[in-house]
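Everything below concerns the one structure shown next.
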Amino acid sequence: MTEISANPFYAAYDRRGQGTELKNKHIRQYSIDFIEACAWRPGMSVLELGCGNGLFLRFLQHMGVENFLGVDGDPRVLEEMPESLKTRVKISDFSAFFSSDCQEKYDRIVLFDVLEHFSPEDGVGLLASLKGRLKEGGRVVVRVPNVASPFGLNLQYNDVTHRTAYTPGSIAQVARAAGCEIVAIRPQSYSSWGKEVREKLLTATLNWFLAMPPTVWSPLMIAVLEAKPKS
């Protein structure tokens with residue numbers, strides 16, 4: 001990824017107040033999109049790449065996770081974090097982090113809203129580099145905008161730093177090129193049961209009308225990956 005200081009579009013992000021309060025809706029979403037999706041269990045270690053202001057790290061802290069680390073290239077993310085989280089964050093470019101002397105391995109690696117910022121080729125390189133940081137049986141959890149759904153177009157194209165638009169098929173293609181296997185591709189959960197039920201009713205109706213409906217309708221999708229076994 002381009003260095004933050006060298007890219008005016010990254011520098012233009014307004015970090016203030018973004019992801020500073022962990023709410024019940026966030027706990028519900030992460031419980032489904034992370035714990036349920038990748039079969040995380042107590043005692044597992046977690047690495048988050050592109051941790052931002054630390055909302056997911058707050059969730060891990062809330063869940064009592066003991067071994068976790070966030071990595072982000074923007075030092076501003078530390079400004080609104082509590083001291084207890086600042087010690088769990090490393091400010092670093094991803095390539096520098098992976099080439100550092102610290103070679104700890106993790107049970108789960110998380111990239112929420114990160115992979116779309118890379119070209120397909122660089123995305124393959126990033127995912128391939130993660131395999132060396134996974135413990136045996138480790139998994140990678142990726143969240144990206146879902147442009148197979150019309151609901152995901154605004155999320156994808158509302159940020160000029162997004163370089164790749166993903167569908168369930170293309171995320172699987174990139175994963176395979178990186179030497180990974182797709183364990184699951186699933187819709188992101190919603191912040192309320194009511195919204196989720198209403199959208200399911202709508203998309204069920206659209207599925208009935210359309211000849212080729214998308215396999216995932218949600219604006220964001222979750223992909224869970226594993227490293228392919230060595231032959």
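Chain labels A, B, ... are given in the sequence in which chains occur in the structure tokens; within each chain residues are numbered consecutively from 1, and ligands are likewise numbered from 1 in the order shown.
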
(message) Applying 12 Å and only C-alpha atoms, which residues near Gly137 of chain A remain after dropping the ones on its own chain fewer than 6 positions away? List them as a PyMOL selection string.
(response) chain A and resi 38-40+44+105-109+131+183+225-229

Mind dumping the selected residues with N, CA and C atoms as a PDB file, in the first residue's frame?
```pdb
ATOM      1  N   CYS A  38     -15.196 -17.599  11.286  1.00  0.00           N
ATOM      2  CA  CYS A  38     -13.897 -18.286  11.188  1.00  0.00           C
ATOM      3  C   CYS A  38     -13.676 -19.311  12.284  1.00  0.00           C
ATOM      4  N   ALA A  39     -14.732 -19.573  13.092  1.00  0.00           N
ATOM      5  CA  ALA A  39     -14.649 -20.568  14.166  1.00  0.00           C
ATOM      6  C   ALA A  39     -13.544 -20.229  15.159  1.00  0.00           C
ATOM      7  N   TRP A  40     -13.462 -18.944  15.540  1.00  0.00           N
ATOM      8  CA  TRP A  40     -12.500 -18.525  16.558  1.00  0.00           C
ATOM      9  C   TRP A  40     -12.887 -19.106  17.908  1.00  0.00           C
ATOM     10  N   MET A  44      -7.166 -18.318  21.222  1.00  0.00           N
ATOM     11  CA  MET A  44      -6.529 -18.087  19.934  1.00  0.00           C
ATOM     12  C   MET A  44      -5.973 -16.670  19.859  1.00  0.00           C
ATOM     13  N   LYS A 105       3.563 -15.970  14.842  1.00  0.00           N
ATOM     14  CA  LYS A 105       2.466 -16.511  14.045  1.00  0.00           C
ATOM     15  C   LYS A 105       1.160 -16.405  14.833  1.00  0.00           C
ATOM     16  N   TYR A 106       0.052 -16.348  14.087  1.00  0.00           N
ATOM     17  CA  TYR A 106      -1.254 -16.101  14.688  1.00  0.00           C
ATOM     18  C   TYR A 106      -2.261 -17.150  14.221  1.00  0.00           C
ATOM     19  N   ASP A 107      -3.262 -17.366  15.070  1.00  0.00           N
ATOM     20  CA  ASP A 107      -4.340 -18.292  14.710  1.00  0.00           C
ATOM     21  C   ASP A 107      -5.294 -17.689  13.695  1.00  0.00           C
ATOM     22  N   ARG A 108      -5.531 -16.384  13.816  1.00  0.00           N
ATOM     23  CA  ARG A 108      -6.455 -15.696  12.911  1.00  0.00           C
ATOM     24  C   ARG A 108      -5.855 -14.351  12.505  1.00  0.00           C
ATOM     25  N   ILE A 109      -5.931 -14.039  11.214  1.00  0.00           N
ATOM     26  CA  ILE A 109      -5.507 -12.742  10.693  1.00  0.00           C
ATOM     27  C   ILE A 109      -6.720 -12.078  10.044  1.00  0.00           C
ATOM     28  N   LYS A 131       0.439 -16.266   4.696  1.00  0.00           N
ATOM     29  CA  LYS A 131       0.525 -17.704   4.972  1.00  0.00           C
ATOM     30  C   LYS A 131       1.672 -18.021   5.928  1.00  0.00           C
ATOM     31  N   VAL A 183     -12.751 -20.984   2.551  1.00  0.00           N
ATOM     32  CA  VAL A 183     -13.539 -21.796   3.478  1.00  0.00           C
ATOM     33  C   VAL A 183     -15.002 -21.394   3.409  1.00  0.00           C
ATOM     34  N   LEU A 225     -10.427 -17.590   4.562  1.00  0.00           N
ATOM     35  CA  LEU A 225      -9.419 -18.283   3.762  1.00  0.00           C
ATOM     36  C   LEU A 225      -8.525 -19.149   4.639  1.00  0.00           C
ATOM     37  N   GLU A 226      -8.013 -20.201   4.038  1.00  0.00           N
ATOM     38  CA  GLU A 226      -6.973 -21.032   4.641  1.00  0.00           C
ATOM     39  C   GLU A 226      -5.852 -21.222   3.623  1.00  0.00           C
ATOM     40  N   ALA A 227      -4.649 -21.416   4.100  1.00  0.00           N
ATOM     41  CA  ALA A 227      -3.525 -21.726   3.208  1.00  0.00           C
ATOM     42  C   ALA A 227      -3.718 -23.127   2.648  1.00  0.00           C
ATOM     43  N   LYS A 228      -3.466 -23.287   1.331  1.00  0.00           N
ATOM     44  CA  LYS A 228      -3.538 -24.606   0.749  1.00  0.00           C
ATOM     45  C   LYS A 228      -2.450 -25.500   1.335  1.00  0.00           C
ATOM     46  N   PRO A 229      -2.766 -26.752   1.604  1.00  0.00           N
ATOM     47  CA  PRO A 229      -1.734 -27.650   2.118  1.00  0.00           C
ATOM     48  C   PRO A 229      -0.630 -27.855   1.103  1.00  0.00           C
TER      49      PRO A 229
END
```

(request) Compile the contact shell of Ala184 of chain A as a PyMOL selection string: residues with an atom at most 8 Å away, counting only C-alpha atoms, same-chain residues fewer than 3 positions apart removed. (result) chain A and resi 37+222-225

Preceding selection exported with N, CA and C atoms as a short mmCIF file (atom, residue, chain, number, x, y, z; two decimals), in the first residue's frame:
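File produced: result23.cif:
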```
data_model
loop_
_atom_site.label_atom_id
_atom_site.label_comp_id
_atom_site.auth_asym_id
_atom_site.auth_seq_id
_atom_site.Cartn_x
_atom_site.Cartn_y
_atom_site.Cartn_z
N ALA A 37 -17.88 -16.80 11.84
CA ALA A 37 -17.42 -17.03 10.47
C ALA A 37 -16.15 -17.86 10.40
N ILE A 222 -18.03 -11.23 3.64
CA ILE A 222 -16.97 -11.81 4.46
C ILE A 222 -16.43 -13.05 3.74
N ALA A 223 -15.11 -13.10 3.56
CA ALA A 223 -14.47 -14.28 2.99
C ALA A 223 -13.49 -14.85 4.02
N VAL A 224 -13.55 -16.15 4.22
CA VAL A 224 -12.66 -16.83 5.15
C VAL A 224 -11.74 -17.74 4.35
N LEU A 225 -10.43 -17.59 4.56
CA LEU A 225 -9.42 -18.28 3.76
C LEU A 225 -8.52 -19.15 4.64
#
```

(request) Extract, using only C-alpha atoms, all DNA, RNA and protein residues at most 10 Å from Gly54 of chain A, discarding same-chain residues fewer than 6 positions from it, and format them as a VMD selection string. (result) chain A and resid 18 to 22 48 60 70 to 72 77 to 78 80 to 82 85 to 86 88 to 89

(request) Go through chain A and collect every residue that DSSP, computed from the backbone, puts in alpha helix (DSSP H); the answer should be as a PyMOL selection string. (result) chain A and resi 8-11+24-30+37-38+55-62+83-86+94-98+120-130+153-157+168-177+193-209

Taking only residues of segment 142-203 of chain A that have an atom at most 8 Å from an atom of segment 115-129 of chain A, what is each one's shortest atom pair and its distance in Å to one decimal, using only C-alpha atoms, in chain and number order, as CSV?
```
residue,atom,partner,partner_atom,distance
A:Val142,CA,A:Leu115,CA,7.5
A:Arg143,CA,A:Leu115,CA,7.9
A:Val144,CA,A:Glu116,CA,6.3
A:Pro145,CA,A:Glu116,CA,7.6
A:Thr161,CA,A:His117,CA,5.9
A:His162,CA,A:His117,CA,4.4
A:Arg163,CA,A:His117,CA,5.1
A:Thr164,CA,A:Glu116,CA,5.0
A:Ala165,CA,A:Glu116,CA,6.4
A:Tyr166,CA,A:Glu116,CA,7.4
A:Val174,CA,A:Val124,CA,5.9
A:Ala175,CA,A:Val124,CA,6.9
A:Ala177,CA,A:Val124,CA,6.4
A:Ala178,CA,A:Ala128,CA,4.8
A:Gly179,CA,A:Ala128,CA,6.5
A:Cys180,CA,A:Ala128,CA,7.7
```

Quick one: residues within 6 Å of Gly73 of chain A, only C-alpha atoms counted, chain neighbours fewer than 2 positions away excluded, as a PDB file with N, CA and C atoms, in the first residue's frame?
```
ATOM      1  N   ILE A  91       2.596   0.815  14.363  1.00  0.00           N
ATOM      2  CA  ILE A  91       2.479   1.700  13.203  1.00  0.00           C
ATOM      3  C   ILE A  91       3.567   1.308  12.204  1.00  0.00           C
ATOM      4  N   SER A  92       3.108   0.757  11.086  1.00  0.00           N
ATOM      5  CA  SER A  92       4.075   0.230  10.125  1.00  0.00           C
ATOM      6  C   SER A  92       3.394  -0.021   8.793  1.00  0.00           C
ATOM      7  N   ASP A  93       4.125   0.151   7.722  1.00  0.00           N
ATOM      8  CA  ASP A  93       3.707  -0.332   6.420  1.00  0.00           C
ATOM      9  C   ASP A  93       3.666  -1.860   6.472  1.00  0.00           C
TER      10      ASP A  93
END
```

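Around Glu199 of chain A, within 12 Å and counting only C-alpha atoms, the residues found are A:Phe151, A:Pro187, A:Ser189, A:Tyr190, A:Ser192, A:Trp193, A:Gly194, A:Lys195, A:Glu196, A:Leu202, A:Thr203, A:Ala204, A:Thr205, A:Leu206, A:Asn207, A:Val216, A:Trp217, A:Ser218, A:Pro219, once anything fewer than 3 positions away on its own chain is removed.
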
(request) Give me every strand (DSSP E or B) residue in segment 132-167 of chain A, going by DSSP on the backbone, as a ChimeraX atom specification. (result) /A:134-146,166

(request) Compare A:Glu79, A:Gly50, A:Gly152, A:Leu55 by their minimum atom-to-atom distance to His26 of chain A, counting only C-alpha atoms, and give me the closest one. (result)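 That would be A:Leu55, the residue with the smallest distance to His26 of chain A.
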
(request) For each of A:Asn154, A:Gln188, A:Asn24, A:Ser45, take the minimum atom-to-atom distance to Lys135 of chain A, counting only C-alpha atoms, then give the residue where this is smallest. (result)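 Using only C-alpha atoms, Lys135 of chain A sits closest to A:Ser45.
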
(request) Give me the residues within 7 Å of Ala172 of chain A as a list in words, counting only C-alpha atoms and dropping any in the same chain fewer than 4 places off. (result)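 Surrounding residues, per the criterion: Pro168, Arg176 and Ile182 of chain A.
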
(request) Just give me the gap between atom CA of Val140 of chain A and atom CA of Ile35 of chain A in Å, one decimal is fine. (result) 12.0 Å

(message) Give me, as a VMD selection string, all polymer residues having an atom no more than 7 Å from Lys25 of chain A, counting only C-alpha atoms and skipping those fewer than 2 positions away in the same chain.
(response) chain A and resid 23 27 to 29 191 to 192

Produce a file of the selected residues containing C-alpha atoms, as a PDB file, in the first residue's frame.
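Writing the result to result.pdb gives the following:
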```pdb
ATOM      1  CA  LYS A  23     -21.609  -0.555  20.874  1.00  0.00           C
ATOM      2  CA  ILE A  27     -20.471  -6.738  19.301  1.00  0.00           C
ATOM      3  CA  ARG A  28     -23.313  -8.515  17.487  1.00  0.00           C
ATOM      4  CA  GLN A  29     -21.731  -7.975  14.071  1.00  0.00           C
ATOM      5  CA  SER A 191     -26.665  -3.919  12.946  1.00  0.00           C
ATOM      6  CA  SER A 192     -30.273  -4.806  13.766  1.00  0.00           C
TER       7      SER A 192
END
```
